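Visitor: The structure follows.
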Amino acid sequence: MIIDRNGIQIDTFEEIFDSISTQFKDIYGQDINISQESPDGQMIGILANTVYDLQTFISRIYNSFDPDFAQGQELNKILKLIAETRNPPTKSIVDLIITTNSVVTIPAGFTVKDDNDNEWQTLKEESLDVGENTVTFESSIFGNIIAMPNTITTPVDVYVEIDSFTNPASAIAGRDEETDTNLRIRRNKLLTVNAKSTIGGISAKLIALENVSDVKVYENFTDTYDAEKDLHAHSIWCIVDGGDVDEIAEVIAKDKTIGTGLKGLTIGTWLEEFVKGDGTVRYHTHEILFDRPTEIPLYIRFSYKKRNPLDTIDEVYIKNELQKQFFNIDEDLNATELYADIYGITNLIVAFDLEISNDGVTWVDDILEMGYGEKFTLSTDNITLTEV
């Protein structure tokens, strides 16, 4: 193991094993039996494993001081230095229409199920009138729980006063706890809050808002129309994934320069107050345009072989873990990068012939380009594994 100006470099298990083997031979002779079946070979293996574990532990401590390498709780502690925390998991939310035949009160935690057996519960006690009532439910567990329209219809808690349930719209999906990788990305974006450019400052302040997962700001500072981005002269185009509409509007209104045009289909408002000399208050309403990212479905398919024919491969688990991958706005995807994600999930297989697509028809094995204001989304239904 070496610690120098270039950082820390630990030995591999094989290097440690060979080093200890050489020392044993120097002590007991070059003809000593150090095969894996021999007592001395097993002793060397135990010692080598102990040294390797110790070096790995030291490397983990060393790297815990660097936010680009720290993991788990160590990364959480570093975030305190910039007054930030890891985004916690959230639950999915959905509005149900409950049809009743008489007045009834349902308690907090009243439960129904969807077609996939996911449970949804009321947030608080609800008093229902005769007829249709709209009530907000949340998923019983945290994470990205999806429910398509008209799929939440089965009561777990049965009330004779209730005739039916349905959700006319899809559920607003929750999120899993922020991963180390996504947290590092967000931290680096937050550090640009003191950027000198207007675009850098707006981006950093937007990404710092609660429930905002990604931001992309385009700028046309020229005197001519940008046909490629459909962006007028001297305008900016903010694409914000998540977050409250009016909080986003306030950031953009405060930080954009005077006379700068805006593009977007989402309209947020910020009510600005001006205190006049006589103490009275005048108000000015800013209407701010921005966009949400256009979600492009990503399709993944690959073949695999088991490393050990006796192993059991949980394809559902692999799909669920791959589905958690985070994709940035306007970020091209290289198919080969996904191999690292697959091997990070399981080392029981050898993956090959990996291809990606944005329509499930045309497949590529290299780069899939993303358009302006777009981001990939991945569903387990769009992941295909084939054992060969």
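By order in the structure tokens, chains are A, B, ...; within a chain, residues start at 1; ligands start at 1, following the order shown.
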Among segment 67-286 of chain A, which ones does DSSP assign to strand (DSSP E) (computed from the backbone)? Answer as a ChimeraX atom specification.

Guide: /A:91-100,104-106,111-114,119-122,126-128,131-142,152-155,162-166,212-220,235-242,261-263,266-275,281-286

Visitor: Within segment 5-251 of chain A, find each residue whose DSSP state, derived from the backbone, is helix (DSSP H, G or I), and express the selection as a ChimeraX atom specification.

Guide: /A:13-28,39-63,72-82,180-194,198-207,245-251

Visitor: For atom CA of Ile207 of chain A and atom CA of Leu289 of chain A, determine how far apart the two atoms are, in Å to one decimal place.

Guide: 16.9 Å

Visitor: Hey, what's within 9 Å of Thr136 of chain A if we count only C-alpha atoms and toss same-chain stuff fewer than 3 positions away? As a tab-separated table (two decimals) with N, CA and C atoms, in the first residue's frame, please?

Guide:
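Output contents, as saved in part-v4.tsv:
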```
chain	number	residue	atom	x	y	z
A	93	ILE	N	-48.33	9.68	-4.97
A	93	ILE	CA	-49.60	10.33	-4.61
A	93	ILE	C	-50.60	10.14	-5.75
A	94	VAL	N	-51.87	9.90	-5.39
A	94	VAL	CA	-52.90	9.76	-6.42
A	94	VAL	C	-54.23	10.25	-5.86
A	95	ASP	N	-55.05	10.84	-6.72
A	95	ASP	CA	-56.41	11.26	-6.34
A	95	ASP	C	-57.40	10.19	-6.80
A	96	LEU	N	-58.19	9.69	-5.85
A	96	LEU	CA	-59.22	8.70	-6.15
A	96	LEU	C	-60.59	9.35	-6.08
A	97	ILE	N	-61.47	8.91	-6.96
A	97	ILE	CA	-62.88	9.28	-6.86
A	97	ILE	C	-63.60	8.15	-6.14
A	121	GLN	N	-53.14	4.48	0.72
A	121	GLN	CA	-53.80	4.84	1.97
A	121	GLN	C	-54.14	6.32	2.01
A	122	THR	N	-55.21	6.63	2.78
A	122	THR	CA	-55.56	8.04	2.98
A	122	THR	C	-54.55	8.71	3.89
A	123	LEU	N	-54.36	10.01	3.68
A	123	LEU	CA	-53.40	10.78	4.47
A	123	LEU	C	-53.99	11.21	5.81
```

Visitor: At most 9 Å is the cut-off: for each residue in segment 147-207 of chain A with any atom that close to an atom of segment 62-70 of chain A, write down the nearest atom pair and the distance in Å rounded to one decimal, counting only C-alpha atoms, chain first then increasing number, as CSV.

Guide:
```
residue,atom,partner,partner_atom,distance
A:Asp180,CA,A:Ala70,CA,8.3
A:Thr181,CA,A:Asp68,CA,8.9
A:Arg184,CA,A:Asp68,CA,6.6
A:Arg187,CA,A:Pro67,CA,8.8
```

Visitor: Using 12 Å as the limit and counting only C-alpha atoms, can you tabulate each residue of segment 64-157 of chain A that touches segment 320-327 of chain A, with its shortest atom-to-atom distance in Å and the two atoms involved, as a tab-separated table?

Guide:
```
residue	atom	partner	partner_atom	distance
A:Gly143	CA	A:Lys324	CA	9.9
A:Asn144	CA	A:Lys324	CA	8.8
A:Ile145	CA	A:Asn320	CA	11.6
```

Visitor: So that I can check the surroundings of Asp53 of chain A, please list as a count of residues only every protein, DNA and RNA residue that reaches within 12 Å of it, counting only C-alpha atoms and ignoring chain neighbours fewer than 5 positions away.

Guide: 11

Visitor: Which neighbours of segment 20-27 of chain A fall inside 9 Å, counting only C-alpha atoms, when residues of the same chain fewer than 3 positions from it are skipped, and could you give them as a list of chain:residue names?

Guide: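 The neighbour list is A:Glu15, A:Ile16, A:Phe17, A:Gln30, A:Asp31, A:Ile32, A:Ile34, A:Asp40, A:Gly41, A:Ile44, A:Gly45, A:Leu47, A:Ala48.
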
Visitor: For the selection just defined, write its residues with C-alpha atoms to a file, as an mmCIF file, in the first residue's frame.

Guide:
```cif
data_model
loop_
_atom_site.group_PDB
_atom_site.id
_atom_site.type_symbol
_atom_site.label_atom_id
_atom_site.label_comp_id
_atom_site.auth_asym_id
_atom_site.auth_seq_id
_atom_site.Cartn_x
_atom_site.Cartn_y
_atom_site.Cartn_z
ATOM 1 C CA GLU A 15 -0.141 -9.144 -4.755
ATOM 2 C CA ILE A 16 -0.505 -9.535 -0.999
ATOM 3 C CA PHE A 17 -0.724 -13.314 -1.286
ATOM 4 C CA GLN A 30 11.782 -22.495 -1.459
ATOM 5 C CA ASP A 31 10.333 -26.024 -1.537
ATOM 6 C CA ILE A 32 7.638 -25.299 1.067
ATOM 7 C CA ILE A 34 1.891 -23.436 -0.208
ATOM 8 C CA ASP A 40 0.689 -23.238 5.104
ATOM 9 C CA GLY A 41 -1.211 -22.257 1.952
ATOM 10 C CA ILE A 44 -1.124 -17.511 3.868
ATOM 11 C CA GLY A 45 -4.625 -17.105 2.456
ATOM 12 C CA LEU A 47 -3.193 -13.583 6.414
ATOM 13 C CA ALA A 48 -3.517 -12.166 2.888
#
```

Visitor: Mind dumping a table of every segment 127-225 of chain A residue within 12 Å of segment 98-116 of chain A, with the nearest atom pair and its distance in Å to one decimal, using only C-alpha atoms, sorted by chain and rising number, as a Markdown table?

Guide:
```
| residue | atom | partner | partner_atom | distance |
| --- | --- | --- | --- | --- |
| A:Ser127 | CA | A:Thr105 | CA | 4.3 |
| A:Leu128 | CA | A:Val104 | CA | 5.3 |
| A:Asp129 | CA | A:Val103 | CA | 4.8 |
| A:Val130 | CA | A:Ser102 | CA | 4.8 |
| A:Gly131 | CA | A:Thr100 | CA | 5.1 |
| A:Glu132 | CA | A:Thr99 | CA | 4.4 |
| A:Asn133 | CA | A:Ile98 | CA | 5.1 |
| A:Thr134 | CA | A:Ile98 | CA | 6.3 |
| A:Val135 | CA | A:Ile98 | CA | 7.2 |
| A:Thr136 | CA | A:Ile98 | CA | 10.3 |
| A:Phe137 | CA | A:Thr111 | CA | 8.6 |
| A:Glu138 | CA | A:Gly109 | CA | 9.3 |
| A:Ser139 | CA | A:Thr111 | CA | 9.4 |
| A:Ser140 | CA | A:Thr111 | CA | 8.6 |
| A:Ile145 | CA | A:Asn116 | CA | 10.1 |
| A:Ile146 | CA | A:Asn116 | CA | 9.4 |
| A:Ala147 | CA | A:Asp114 | CA | 7.2 |
| A:Met148 | CA | A:Asp114 | CA | 9.1 |
| A:Pro149 | CA | A:Asp114 | CA | 10.1 |
| A:Asn150 | CA | A:Asp114 | CA | 8.8 |
| A:Thr151 | CA | A:Asp114 | CA | 5.3 |
| A:Ile152 | CA | A:Asp114 | CA | 3.9 |
| A:Thr153 | CA | A:Asp114 | CA | 6.1 |
| A:Thr154 | CA | A:Lys113 | CA | 5.1 |
| A:Pro155 | CA | A:Val112 | CA | 4.3 |
| A:Val156 | CA | A:Val112 | CA | 4.9 |
| A:Asp157 | CA | A:Thr111 | CA | 5.8 |
| A:Val158 | CA | A:Thr111 | CA | 9.0 |
| A:Tyr159 | CA | A:Val104 | CA | 8.7 |
| A:Val160 | CA | A:Asn101 | CA | 8.4 |
| A:Glu161 | CA | A:Asn101 | CA | 5.4 |
| A:Ile162 | CA | A:Thr100 | CA | 4.3 |
| A:Asp163 | CA | A:Thr100 | CA | 5.3 |
| A:Ser164 | CA | A:Thr99 | CA | 5.3 |
| A:Phe165 | CA | A:Ile98 | CA | 4.8 |
| A:Thr166 | CA | A:Ile98 | CA | 6.9 |
| A:Asn167 | CA | A:Ile98 | CA | 8.9 |
| A:Pro168 | CA | A:Ile98 | CA | 11.0 |
| A:Ser170 | CA | A:Asp114 | CA | 11.6 |
| A:Ala171 | CA | A:Asp114 | CA | 10.9 |
```

Visitor: My list of candidates is A:Arg292, A:Lys216, A:Lys91, A:His284. Which is closest to Ala173 of chain A when distances are computed with only C-alpha atoms?

Guide: A:Lys91

Visitor: Dump as a Markdown table the rows for residues of segment 171-281 of chain A within 10 Å of segment 359-382 of chain A: closest atom pair and distance in Å with one decimal, only C-alpha atoms counted, ordered by chain and rising residue number.

Guide:
```
| residue | atom | partner | partner_atom | distance |
| --- | --- | --- | --- | --- |
| A:Asp214 | CA | A:Lys375 | CA | 10.0 |
| A:Val215 | CA | A:Gly373 | CA | 9.6 |
| A:Lys216 | CA | A:Gly373 | CA | 7.5 |
| A:Val217 | CA | A:Gly373 | CA | 9.0 |
| A:Tyr218 | CA | A:Tyr372 | CA | 8.8 |
| A:Glu228 | CA | A:Tyr372 | CA | 8.8 |
| A:Lys229 | CA | A:Tyr372 | CA | 6.8 |
| A:Asp230 | CA | A:Tyr372 | CA | 9.8 |
| A:Trp237 | CA | A:Gly373 | CA | 9.0 |
| A:Cys238 | CA | A:Gly373 | CA | 8.6 |
| A:Ile239 | CA | A:Gly373 | CA | 6.2 |
| A:Val240 | CA | A:Gly373 | CA | 9.1 |
| A:Asp241 | CA | A:Lys375 | CA | 9.5 |
```

Visitor: Excluding Thr85 of chain A and any residue of its chain fewer than 3 positions from it, enumerate the residues within 12 Å of it, using only C-alpha atoms, and give them as a PyMOL selection string.

Guide: chain A and resi 72-82+88+177-180+183-184+186-187+190+208+210

Visitor: What separation in Å, quoted to one decimal, exists between atom CA of Gln71 of chain A and atom CA of Gly7 of chain A?

Guide: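 About the pair atom CA of Gln71 of chain A and atom CA of Gly7 of chain A: they are 17.3 Å apart.
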